[in-house]
>>> print(open('upload-v6.txt').read())   # compact mmCIF, C-alpha atoms
# COMPACT_ATOMS: atom_id res chain seq x y z
CA MET A 1 -5.97 294.46 -11.43
CA SER A 2 -2.27 294.27 -12.35
CA ARG A 3 -0.21 297.42 -12.64
CA ILE A 4 0.46 298.96 -16.05
CA LYS A 5 4.15 298.63 -16.89
CA ILE A 6 5.59 301.87 -18.27
CA ALA A 7 8.94 302.00 -20.08
CA LEU A 8 10.30 305.54 -19.85
CA CYS A 9 12.99 305.96 -22.49
CA ILE A 10 15.28 308.99 -22.87
CA THR A 11 18.53 309.90 -24.60
CA GLU A 12 20.46 310.92 -21.47
CA LEU A 13 19.88 311.71 -17.79
CA ASP A 14 21.71 315.01 -17.38
CA ALA A 15 19.52 317.50 -15.53
CA GLY A 16 17.72 319.17 -18.45
CA GLY A 17 14.04 319.89 -18.88
CA ALA A 18 13.07 316.61 -20.54
CA GLU A 19 15.15 314.62 -18.09
CA ARG A 20 13.48 316.30 -15.13
CA CYS A 21 10.05 315.69 -16.64
CA LEU A 22 10.79 311.97 -17.01
CA THR A 23 12.16 311.86 -13.48
CA GLU A 24 9.11 313.54 -11.98
CA LEU A 25 6.84 311.11 -13.81
CA ALA A 26 8.85 308.09 -12.67
CA VAL A 27 8.92 309.29 -9.07
CA ARG A 28 5.38 310.63 -8.78
CA ILE A 29 3.12 308.29 -10.75
CA ASP A 30 0.73 306.18 -8.72
CA ARG A 31 2.70 303.00 -7.97
CA ARG A 32 -0.54 301.19 -7.16
CA ARG A 33 -1.50 301.51 -10.83
CA PHE A 34 1.81 301.87 -12.67
CA ASP A 35 5.21 300.16 -12.65
CA PRO A 36 7.87 302.48 -14.18
CA VAL A 37 11.29 301.45 -15.51
CA VAL A 38 13.73 303.96 -17.04
CA TYR A 39 15.88 303.24 -20.09
CA CYS A 40 18.66 305.67 -21.01
CA LEU A 41 20.39 305.39 -24.39
CA SER A 42 23.61 307.02 -23.16
CA PRO A 43 26.20 305.75 -20.69
CA ARG A 44 25.88 306.44 -16.98
CA PRO A 45 26.41 310.20 -16.35
CA ALA A 46 30.01 311.17 -15.63
CA LYS A 47 28.81 313.55 -12.90
CA GLU A 48 26.01 311.60 -11.28
CA GLU A 49 25.38 314.30 -8.68
CA ALA A 50 24.57 316.73 -11.54
CA SER A 51 22.10 314.32 -13.15
CA CYS A 52 18.63 312.97 -12.41
CA LEU A 53 19.99 309.58 -11.37
CA PRO A 54 20.18 310.22 -7.58
CA LYS A 55 16.49 311.19 -7.43
CA LEU A 56 15.46 308.11 -9.41
CA ARG A 57 17.56 305.85 -7.18
CA ALA A 58 16.16 307.41 -4.01
CA ALA A 59 12.66 306.61 -5.22
CA GLY A 60 13.59 303.01 -6.00
CA VAL A 61 13.10 303.37 -9.76
CA GLU A 62 14.91 300.77 -11.87
CA VAL A 63 17.27 302.41 -14.41
CA HIS A 64 19.05 300.76 -17.37
CA PHE A 65 21.87 302.40 -19.36
CA LEU A 66 22.36 301.24 -22.96
CA ASP A 67 25.85 302.74 -23.34
CA GLY A 68 25.17 304.39 -26.70
CA ARG A 69 27.95 306.85 -27.53
CA SER A 70 27.27 307.92 -31.13
CA VAL A 71 24.65 307.73 -33.87
CA TRP A 72 26.76 305.01 -35.51
CA GLN A 73 25.69 302.68 -32.69
CA PHE A 74 22.03 303.12 -33.63
CA PRO A 75 21.44 299.46 -34.66
CA VAL A 76 23.25 298.17 -31.57
CA VAL A 77 21.26 300.38 -29.20
CA VAL A 78 17.98 299.40 -30.88
CA ARG A 79 18.84 295.71 -30.34
CA ARG A 80 19.82 296.28 -26.70
CA LEU A 81 16.63 298.16 -25.96
CA ARG A 82 14.49 295.61 -27.80
CA ARG A 83 15.92 292.80 -25.67
CA LEU A 84 15.29 294.71 -22.44
CA LEU A 85 11.75 295.62 -23.44
CA ALA A 86 10.99 292.06 -24.53
CA ALA A 87 12.03 290.89 -21.05
CA HIS A 88 10.19 293.65 -19.19
CA LYS A 89 7.00 293.42 -21.31
CA PRO A 90 5.68 296.95 -20.72
CA GLN A 91 2.25 297.91 -22.01
CA VAL A 92 3.41 301.47 -22.77
CA ALA A 93 6.69 302.93 -24.02
CA GLN A 94 6.91 306.67 -23.30
CA THR A 95 9.90 308.29 -25.00
CA PHE A 96 11.59 311.69 -24.65
CA LEU A 97 14.04 313.61 -26.90
CA PHE A 98 14.72 312.98 -30.57
CA HIS A 99 17.16 310.05 -30.48
CA ALA A 100 15.20 308.16 -27.83
CA ASN A 101 11.98 308.89 -29.70
CA ILE A 102 13.28 307.16 -32.83
CA VAL A 103 15.19 304.32 -31.13
CA GLY A 104 12.36 303.79 -28.65
CA ARG A 105 9.56 303.44 -31.18
CA ILE A 106 11.50 300.98 -33.34
CA ALA A 107 12.68 298.85 -30.41
CA ALA A 108 9.27 298.92 -28.73
CA ARG A 109 7.43 297.70 -31.81
CA ARG A 110 10.00 294.96 -32.41
CA ALA A 111 9.58 293.91 -28.77
CA GLY A 112 5.80 293.74 -29.10
CA VAL A 113 4.97 296.75 -26.91
CA GLY A 114 1.31 297.60 -27.44
CA THR A 115 1.40 301.38 -27.05
CA VAL A 116 4.08 303.91 -27.99
CA VAL A 117 3.91 307.56 -26.91
CA ALA A 118 6.57 310.05 -28.05
CA GLY A 119 7.30 313.37 -26.37
CA ILE A 120 7.92 316.50 -28.44
CA ARG A 121 9.68 319.10 -26.32
CA VAL A 122 10.71 321.74 -28.88
CA ALA A 123 9.86 323.05 -32.34
CA GLU A 124 13.00 322.08 -34.25
CA HIS A 125 12.98 324.72 -36.98
CA GLY A 126 16.50 324.15 -38.25
CA VAL A 127 16.84 320.35 -38.21
CA ARG A 128 14.94 319.15 -41.27
CA TRP A 129 16.20 315.58 -41.18
CA HIS A 130 14.81 315.21 -37.65
CA LEU A 131 11.38 316.24 -38.94
CA TRP A 132 11.67 313.93 -41.95
CA LEU A 133 12.67 310.89 -39.88
CA ASP A 134 9.91 311.56 -37.36
CA ARG A 135 7.36 311.79 -40.16
CA MET A 136 8.65 308.63 -41.88
CA THR A 137 8.29 306.59 -38.67
CA GLN A 138 5.11 308.16 -37.27
CA SER A 139 3.11 305.00 -38.07
CA LEU A 140 4.96 303.35 -35.13
CA VAL A 141 3.61 305.98 -32.69
CA ASP A 142 0.14 306.01 -31.14
CA ARG A 143 0.30 309.48 -29.62
CA TYR A 144 2.67 312.44 -29.50
CA VAL A 145 2.72 314.51 -26.30
CA CYS A 146 3.54 318.15 -27.09
CA VAL A 147 4.48 320.48 -24.25
CA GLY A 148 2.43 323.34 -25.67
CA ARG A 149 -0.13 324.29 -28.30
CA SER A 150 2.49 326.13 -30.37
CA VAL A 151 4.66 322.98 -30.47
CA ALA A 152 1.63 320.91 -31.50
CA ASP A 153 0.81 323.38 -34.28
CA PHE A 154 4.41 323.26 -35.51
CA SER A 155 4.38 319.45 -35.41
CA ALA A 156 1.27 319.31 -37.59
CA ASP A 157 2.01 322.19 -39.96
CA ARG A 158 5.78 321.95 -40.41
CA ALA A 159 6.69 318.41 -39.36
CA GLY A 160 3.67 316.85 -41.06
CA LEU A 161 2.55 314.70 -38.13
CA PRO A 162 -1.11 313.62 -38.02
CA PRO A 163 -3.07 316.17 -35.91
CA GLU A 164 -5.24 313.39 -34.46
CA LYS A 165 -2.15 311.86 -32.83
CA LEU A 166 -1.11 315.09 -31.08
CA VAL A 167 -2.05 315.85 -27.48
CA VAL A 168 -0.88 318.77 -25.35
CA ILE A 169 0.37 318.22 -21.79
CA PRO A 170 2.16 321.32 -20.45
CA ASN A 171 5.16 321.03 -18.18
CA GLY A 172 4.47 321.12 -14.47
CA ILE A 173 6.47 322.41 -11.52
CA ASP A 174 6.73 321.42 -7.87
CA LEU A 175 5.31 324.52 -6.21
CA GLU A 176 6.54 323.39 -2.79
CA LYS A 177 10.12 324.22 -3.87
CA TYR A 178 9.33 327.76 -5.00
CA PRO A 179 10.05 330.35 -3.90
CA ALA A 180 13.02 328.99 -1.97
CA ARG A 181 12.85 329.77 1.75
CA GLN A 182 16.53 330.73 1.88
CA PRO A 183 17.86 332.80 -1.06
CA ALA A 184 21.39 332.11 -2.26
CA ASP A 185 24.22 334.38 -1.16
CA LEU A 186 25.26 336.02 -4.42
CA ARG A 187 28.65 336.89 -2.98
CA GLU A 188 29.57 333.26 -3.71
CA PHE A 189 29.55 334.21 -7.40
CA GLY A 190 31.52 337.42 -6.98
CA ILE A 191 28.50 339.72 -6.72
CA ALA A 192 29.00 342.18 -3.88
CA ALA A 193 26.38 342.67 -1.17
CA GLY A 194 23.79 345.26 -2.12
CA ARG A 195 24.13 344.68 -5.86
CA ARG A 196 21.32 343.20 -7.94
CA ALA A 197 21.44 340.28 -10.37
CA VAL A 198 19.78 339.55 -13.69
CA VAL A 199 20.03 335.77 -14.03
CA PHE A 200 20.16 333.37 -16.98
CA VAL A 201 19.74 329.65 -16.26
CA GLY A 202 20.42 327.01 -18.92
CA ARG A 203 23.02 325.24 -21.02
CA LEU A 204 25.65 327.45 -22.58
CA GLU A 205 24.93 326.49 -26.18
CA THR A 206 23.84 328.23 -29.37
CA GLN A 207 20.12 327.56 -28.92
CA LYS A 208 20.00 329.57 -25.70
CA GLY A 209 21.18 332.85 -27.25
CA VAL A 210 23.64 333.68 -24.46
CA LYS A 211 26.25 335.17 -26.81
CA TRP A 212 23.62 337.61 -28.06
CA LEU A 213 22.67 338.40 -24.46
CA ILE A 214 26.27 339.24 -23.55
CA GLU A 215 26.73 341.36 -26.67
CA THR A 216 23.65 343.44 -25.79
CA ALA A 217 24.32 343.59 -22.04
CA PRO A 218 26.40 346.82 -22.06
CA SER A 219 23.37 348.77 -23.31
CA TRP A 220 21.41 348.00 -20.14
CA LEU A 221 24.23 347.46 -17.64
CA ASP A 222 25.48 350.99 -18.38
CA ARG A 223 22.07 352.34 -17.34
CA LEU A 224 21.83 350.14 -14.23
CA PRO A 225 25.09 350.70 -12.34
CA ASP A 226 24.08 348.47 -9.40
CA CYS A 227 23.30 345.42 -11.57
CA GLU A 228 25.26 342.32 -12.60
CA LEU A 229 24.59 339.45 -15.03
CA LEU A 230 24.80 335.94 -13.55
CA LEU A 231 24.95 332.95 -15.91
CA VAL A 232 23.96 329.66 -14.26
CA GLY A 233 24.77 326.55 -16.26
CA ASP A 234 27.55 325.03 -18.29
CA GLY A 235 28.10 323.91 -21.84
CA PRO A 236 30.30 323.95 -24.94
CA LEU A 237 30.25 327.74 -25.37
CA ARG A 238 31.54 328.71 -21.94
CA THR A 239 35.03 329.72 -23.11
CA VAL A 240 33.58 331.61 -26.09
CA LEU A 241 31.18 333.46 -23.80
CA GLU A 242 33.91 334.40 -21.34
CA THR A 243 35.82 335.89 -24.26
CA SER A 244 32.70 337.72 -25.45
CA ALA A 245 32.28 339.31 -22.02
CA LYS A 246 35.89 340.54 -22.11
CA THR A 247 35.46 341.87 -25.65
CA ALA A 248 32.32 343.75 -24.61
CA GLY A 249 34.20 345.29 -21.69
CA ILE A 250 31.88 343.81 -19.06
CA ALA A 251 33.90 340.84 -17.78
CA ASP A 252 33.81 342.29 -14.26
CA ARG A 253 29.98 342.35 -14.32
CA VAL A 254 29.28 338.97 -15.95
CA HIS A 255 29.60 336.02 -13.58
CA PHE A 256 29.75 332.34 -14.59
CA ALA A 257 28.32 330.09 -11.88
CA GLY A 258 28.56 326.79 -13.76
CA TRP A 259 26.10 323.99 -13.07
CA ARG A 260 24.30 324.46 -9.76
CA PRO A 261 21.97 322.20 -7.73
CA ASP A 262 20.41 325.21 -5.96
CA VAL A 263 18.61 326.99 -8.79
CA PRO A 264 15.51 327.75 -6.65
CA ALA A 265 17.71 329.59 -4.14
CA ILE A 266 19.51 331.50 -6.89
CA LEU A 267 16.21 332.56 -8.45
CA ALA A 268 15.01 333.69 -5.03
CA ALA A 269 18.05 335.96 -4.79
CA ALA A 270 17.71 337.30 -8.34
CA GLU A 271 15.71 340.30 -9.50
CA LEU A 272 14.79 338.98 -12.93
CA LEU A 273 15.25 335.96 -15.22
CA VAL A 274 16.36 336.51 -18.80
CA LEU A 275 16.00 333.75 -21.42
CA PRO A 276 17.17 334.83 -24.92
CA SER A 277 16.62 331.48 -26.68
CA ALA A 278 16.40 331.06 -30.45
CA TRP A 279 13.88 328.26 -29.97
CA GLU A 280 12.24 326.35 -27.13
CA GLY A 281 9.22 324.16 -26.43
CA MET A 282 7.97 325.19 -23.02
CA PRO A 283 11.02 326.29 -21.01
CA ASN A 284 11.01 324.93 -17.47
CA VAL A 285 13.22 327.74 -16.23
CA VAL A 286 10.51 330.28 -17.07
CA LEU A 287 8.11 328.23 -14.95
CA GLU A 288 10.68 328.18 -12.15
CA ALA A 289 11.12 331.95 -12.26
CA MET A 290 7.37 332.51 -12.32
CA ALA A 291 6.92 330.18 -9.35
CA SER A 292 9.67 332.18 -7.60
CA ARG A 293 7.57 335.34 -8.03
CA LYS A 294 10.08 336.86 -10.42
CA PRO A 295 9.54 338.84 -13.62
CA VAL A 296 10.91 337.39 -16.85
CA VAL A 297 12.31 338.81 -20.06
CA ALA A 298 12.33 336.07 -22.70
CA THR A 299 12.19 335.68 -26.45
CA ASP A 300 8.71 335.04 -27.79
CA VAL A 301 9.55 331.52 -28.93
CA GLU A 302 7.27 328.49 -28.65
CA GLY A 303 5.72 328.00 -25.24
CA VAL A 304 6.77 331.27 -23.62
CA GLY A 305 3.58 333.12 -24.53
CA GLU A 306 1.49 330.20 -23.30
CA LEU A 307 3.22 330.39 -19.93
CA LEU A 308 3.10 334.16 -19.50
CA ASP A 309 -0.35 334.62 -21.07
CA SER A 310 -1.51 338.22 -20.47
CA GLY A 311 1.95 339.10 -19.17
CA ALA A 312 3.65 338.17 -22.45
CA GLU A 313 3.58 341.63 -24.02
CA GLU A 314 5.56 343.16 -21.17
CA GLN A 315 7.96 340.24 -20.77
CA THR A 316 8.76 338.99 -24.29
CA VAL A 317 10.90 340.17 -27.17
CA ARG A 318 11.52 338.98 -30.72
CA TYR A 319 14.73 336.97 -31.00
CA GLY A 320 17.51 339.20 -32.29
CA ASP A 321 15.88 342.52 -31.36
CA SER A 322 18.67 343.82 -29.15
CA GLN A 323 17.15 347.24 -28.55
CA VAL A 324 13.85 345.87 -27.23
CA LEU A 325 15.63 343.20 -25.15
CA ALA A 326 17.72 345.87 -23.44
CA GLU A 327 14.75 348.18 -22.95
CA LYS A 328 12.52 345.54 -21.35
CA ILE A 329 15.25 344.45 -18.95
CA PHE A 330 15.92 348.09 -18.06
CA ARG A 331 12.26 348.96 -17.47
CA LEU A 332 11.65 346.11 -15.04
CA MET A 333 14.96 346.55 -13.24
CA ASN A 334 14.42 350.31 -13.00
CA ASP A 335 10.92 349.96 -11.52
CA PRO A 336 11.08 347.55 -8.54
CA GLN A 337 7.41 348.05 -7.68
CA ARG A 338 6.30 347.06 -11.17
CA ALA A 339 8.73 344.13 -11.17
CA THR A 340 7.16 342.89 -7.93
CA GLU A 341 3.65 343.17 -9.40
CA VAL A 342 4.66 341.24 -12.51
CA GLY A 343 6.33 338.56 -10.39
CA LEU A 344 3.21 338.09 -8.26
CA GLU A 345 1.02 337.75 -11.36
CA ASN A 346 3.46 335.20 -12.79
CA HIS A 347 3.21 333.18 -9.57
CA ARG A 348 -0.59 333.26 -9.63
CA ARG A 349 -0.65 331.91 -13.18
CA VAL A 350 1.74 329.05 -12.39
CA GLU A 351 -0.18 328.15 -9.25
CA GLU A 352 -3.46 327.95 -11.17
CA ASN A 353 -2.25 326.16 -14.29
CA PHE A 354 1.13 324.43 -14.03
CA GLY A 355 1.36 322.32 -10.88
CA ILE A 356 3.38 319.11 -11.16
CA SER A 357 0.50 316.95 -9.94
CA ARG A 358 -1.70 318.11 -12.79
CA MET A 359 0.97 317.12 -15.32
CA VAL A 360 1.47 313.67 -13.80
CA ARG A 361 -2.25 312.91 -13.55
CA THR A 362 -2.74 313.93 -17.20
CA TYR A 363 -0.02 311.53 -18.35
CA GLU A 364 -1.59 308.78 -16.24
CA ARG A 365 -5.00 309.32 -17.83
CA LEU A 366 -3.47 309.27 -21.31
CA TRP A 367 -1.61 306.00 -20.70
CA GLU A 368 -4.66 304.33 -19.17
CA SER A 369 -6.93 305.44 -22.00
CA LEU A 370 -4.53 304.10 -24.64
CA VAL A 371 -4.01 300.78 -22.86
CA ASN A 372 -7.75 300.33 -22.45
CA THR A 373 -8.35 301.25 -26.10
CA TYR A 374 -5.86 298.75 -27.45
CA ARG A 375 -7.13 296.01 -25.15
CA LEU A 376 -10.50 296.15 -26.92
>>> encode(input="upload-v6.txt", output="structure tokens")
Amino acid sequence: MSRIKIALCITELDAGGAERCLTELAVRIDRRRFDPVVYCLSPRPAKEEASCLPKLRAAGVEVHFLDGRSVWQFPVVVRRLRRLLAAHKPQVAQTFLFHANIVGRIAARRAGVGTVVAGIRVAEHGVRWHLWLDRMTQSLVDRYVCVGRSVADFSADRAGLPPEKLVVIPNGIDLEKYPARQPADLREFGIAAGRRAVVFVGRLETQKGVKWLIETAPSWLDRLPDCELLLVGDGPLRTVLETSAKTAGIADRVHFAGWRPDVPAILAAAELLVLPSAWEGMPNVVLEAMASRKPVVATDVEGVGELLDSGAEEQTVRYGDSQVLAEKIFRLMNDPQRATEVGLENHRRVEENFGISRMVRTYERLWESLVNTYRL
């Protein structure tokens, strides 16, 4: 039996959650049954070493860049992708992220692709035109893969997508990488030996709530004199956040690491992960911290409660509730024994429910079932 050709289409290949999910699928799917090709709407990453491209290349996965640079190139990018798909002739187009979801479904149908599956990674509360456009073109999509039940509920109730098209496949994590065998040396980031770190990992952008985190940090840093805040990641708000730390009088205790390839090692060296996001889908970094046997303090946005399960009450806070955010960080940092217990329970839950192999096999079964259905 011939292999099923899978077109994996995404907006960009910088090392974010969706990009890593696509990469893990491309690298790990059973090559005896599937033939993956990656299509990226954006140009080749400026910093290839900070993207998913090296891992795809190392695995021998074919990657095409469509050189889209703005929404005004939408028709051009659709045509480019349609031509590539018509030549490749995949049975399934699996798309990730909003722009690739829309471009991918239009190009795939024009190219005669039999099955289109779109990934929904977040509940986009504030972007109504995204929801409208998704709803207006949903007839081109056979299935939507939501990363969590809360995202699926949002997609049906608020976005108006047909519930029968929604399936839930949670993110998975490579448990062999966590916890890292060799923790990072925090002195590299200006944190003196013997001091403890609360760590944020993610893009420095509005969604992630880092400005709020910095503004509330004095209320718990003042009570934890041996603690520092380490921000791992980069983004458009970095300069603003550096100014916020100075304004709050904590510039000497807030450290900006920039983008790092060694997040597992940094998490291994940290005491706690904090994720103050305004919205999410199912944040990979929470999975990474849980797999690293670390406690988490995160906003109770979509997906977080599903990850933490019974541990959610102790580790989540309503977005914007500065007092509770500070108190939950303080309690876990002030009680190392309890923090260790919470971290071990987090690891157990990830080990039982969120392995990367489970995620990949579930995608494979979905693709096969759809291909077999539409062959009939």
>>> atom_distance(input="upload-v6.txt", atom1="CA of Ala156 in chain A", atom2="CA of Glu313 in chain A")
26.2 Å
>>> closest_residue(input="upload-v6.txt", among="A:Gly68, A:Pro276, A:Gly194, A:Gly60", to="Arg28 in chain A", atoms="only C-alpha atoms")
A:Gly60
>>> atom_distance(input="upload-v6.txt", atom1="CA of Ala159 in chain A", atom2="CA of Ala278 in chain A")
18.3 Å
>>> closest_residue(input="upload-v6.txt", among="A:Pro162, A:Gly303, A:Pro283, A:Pro264", to="Val232 in chain A", atoms="only C-alpha atoms")
A:Pro264
>>> closest_residue(input="upload-v6.txt", among="A:Lys208, A:Arg187, A:His125, A:Arg223", to="Leu275 in chain A", atoms="all atoms listed in the file")
A:Lys208
>>> atom_distance(input="upload-v6.txt", atom1="CA of Val371 in chain A", atom2="CA of Val116 in chain A")
10.1 Å
>>> residues_around(input="upload-v6.txt", residues="range 175-180 of chain A", least_positions_apart="3", cutoff="9 Å", atoms="only C-alpha atoms", output="VMD selection string")
chain A and resid 172 183 to 184 264 to 268 288 to 293 350 to 351 354 to 356
>>> closest_residue(input="upload-v6.txt", among="A:Asn346, A:Thr206, A:Gln182, A:Ser244", to="Val263 in chain A", atoms="only C-alpha atoms")
A:Gln182
>>> residues_around(input="upload-v6.txt", residues="range 79-93 of chain A", least_positions_apart="3", cutoff="9 Å", atoms="only C-alpha atoms", output="number ranges by chain")
A: 4-9, 35-37, 39, 41, 64, 66, 74-76, 103-118, 367, 370-371
>>> residues_around(input="upload-v6.txt", residues="range 18-24 of chain A", least_positions_apart="5", cutoff="7 Å", atoms="only C-alpha atoms", output="PyMOL selection string")
chain A and resi 13+52+56+96
>>> closest_residue(input="upload-v6.txt", among="A:Glu242, A:Cys40, A:Leu131, A:Pro295", to="Thr95 in chain A", atoms="all atoms listed in the file")
A:Cys40
>>> residues_around(input="upload-v6.txt", residues="Arg358 in chain A", least_positions_apart="5", cutoff="10 Å", atoms="only C-alpha atoms", output="number ranges by chain")
A: 169-173, 353, 363-364
>>> closest_residue(input="upload-v6.txt", among="A:Met359, A:Met333, A:Leu272, A:Pro225", to="Asp174 in chain A", atoms="all atoms listed in the file")
A:Met359
>>> residues_near_point(input="upload-v6.txt", point="(35.2, 342.1, -21.6)", cutoff="12 Å", atoms="all atoms listed in the file", output="list in words")
Ile214, Glu215, Ala217, Pro218, Val240, Leu241, Glu242, Thr243, Ser244, Ala245, Lys246, Thr247, Ala248, Gly249, Ile250, Ala251, Asp252, Arg253, Val254 and His255 of chain A
>>> residues_around(input="upload-v6.txt", residues="Asp185 in chain A", least_positions_apart="3", cutoff="9 Å", atoms="all atoms listed in the file", output="PDB file with C-alpha atoms, in the frame of the given file")
ATOM      1  CA  GLU A 188      29.570 333.260  -3.710  1.00  0.00           C
ATOM      2  CA  PHE A 189      29.550 334.210  -7.400  1.00  0.00           C
ATOM      3  CA  ILE A 191      28.500 339.720  -6.720  1.00  0.00           C
ATOM      4  CA  ALA A 193      26.380 342.670  -1.170  1.00  0.00           C
ATOM      5  CA  ALA A 265      17.710 329.590  -4.140  1.00  0.00           C
ATOM      6  CA  ILE A 266      19.510 331.500  -6.890  1.00  0.00           C
ATOM      7  CA  ALA A 269      18.050 335.960  -4.790  1.00  0.00           C
TER       8      ALA A 269
END
>>> axis_aligned_box(input="upload-v6.txt", around="range 16-27 of chain A", padding_each_side="3 Å", output="AutoDock Vina command-line options")
--center_x 12.3 --center_y 314.0 --center_z -14.8 --size_x 16.9 --size_y 17.8 --size_z 17.5
>>> closest_atom_pairs(input="upload-v6.txt", of="range 254-368 of chain A", to="range 120-124 of chain A", cutoff="9 Å", atoms="all atoms listed in the file", output="JSON lines")
{"residue": "A:Trp279", "atom": "CA", "partner": "A:Ala123", "partner_atom": "CA", "distance": 7.0}
{"residue": "A:Glu280", "atom": "CA", "partner": "A:Val122", "partner_atom": "CA", "distance": 5.2}
{"residue": "A:Gly281", "atom": "CA", "partner": "A:Val122", "partner_atom": "CA", "distance": 3.8}
{"residue": "A:Met282", "atom": "CA", "partner": "A:Arg121", "partner_atom": "CA", "distance": 7.1}
{"residue": "A:Glu302", "atom": "CA", "partner": "A:Ala123", "partner_atom": "CA", "distance": 7.1}
{"residue": "A:Gly303", "atom": "CA", "partner": "A:Val122", "partner_atom": "CA", "distance": 8.8}
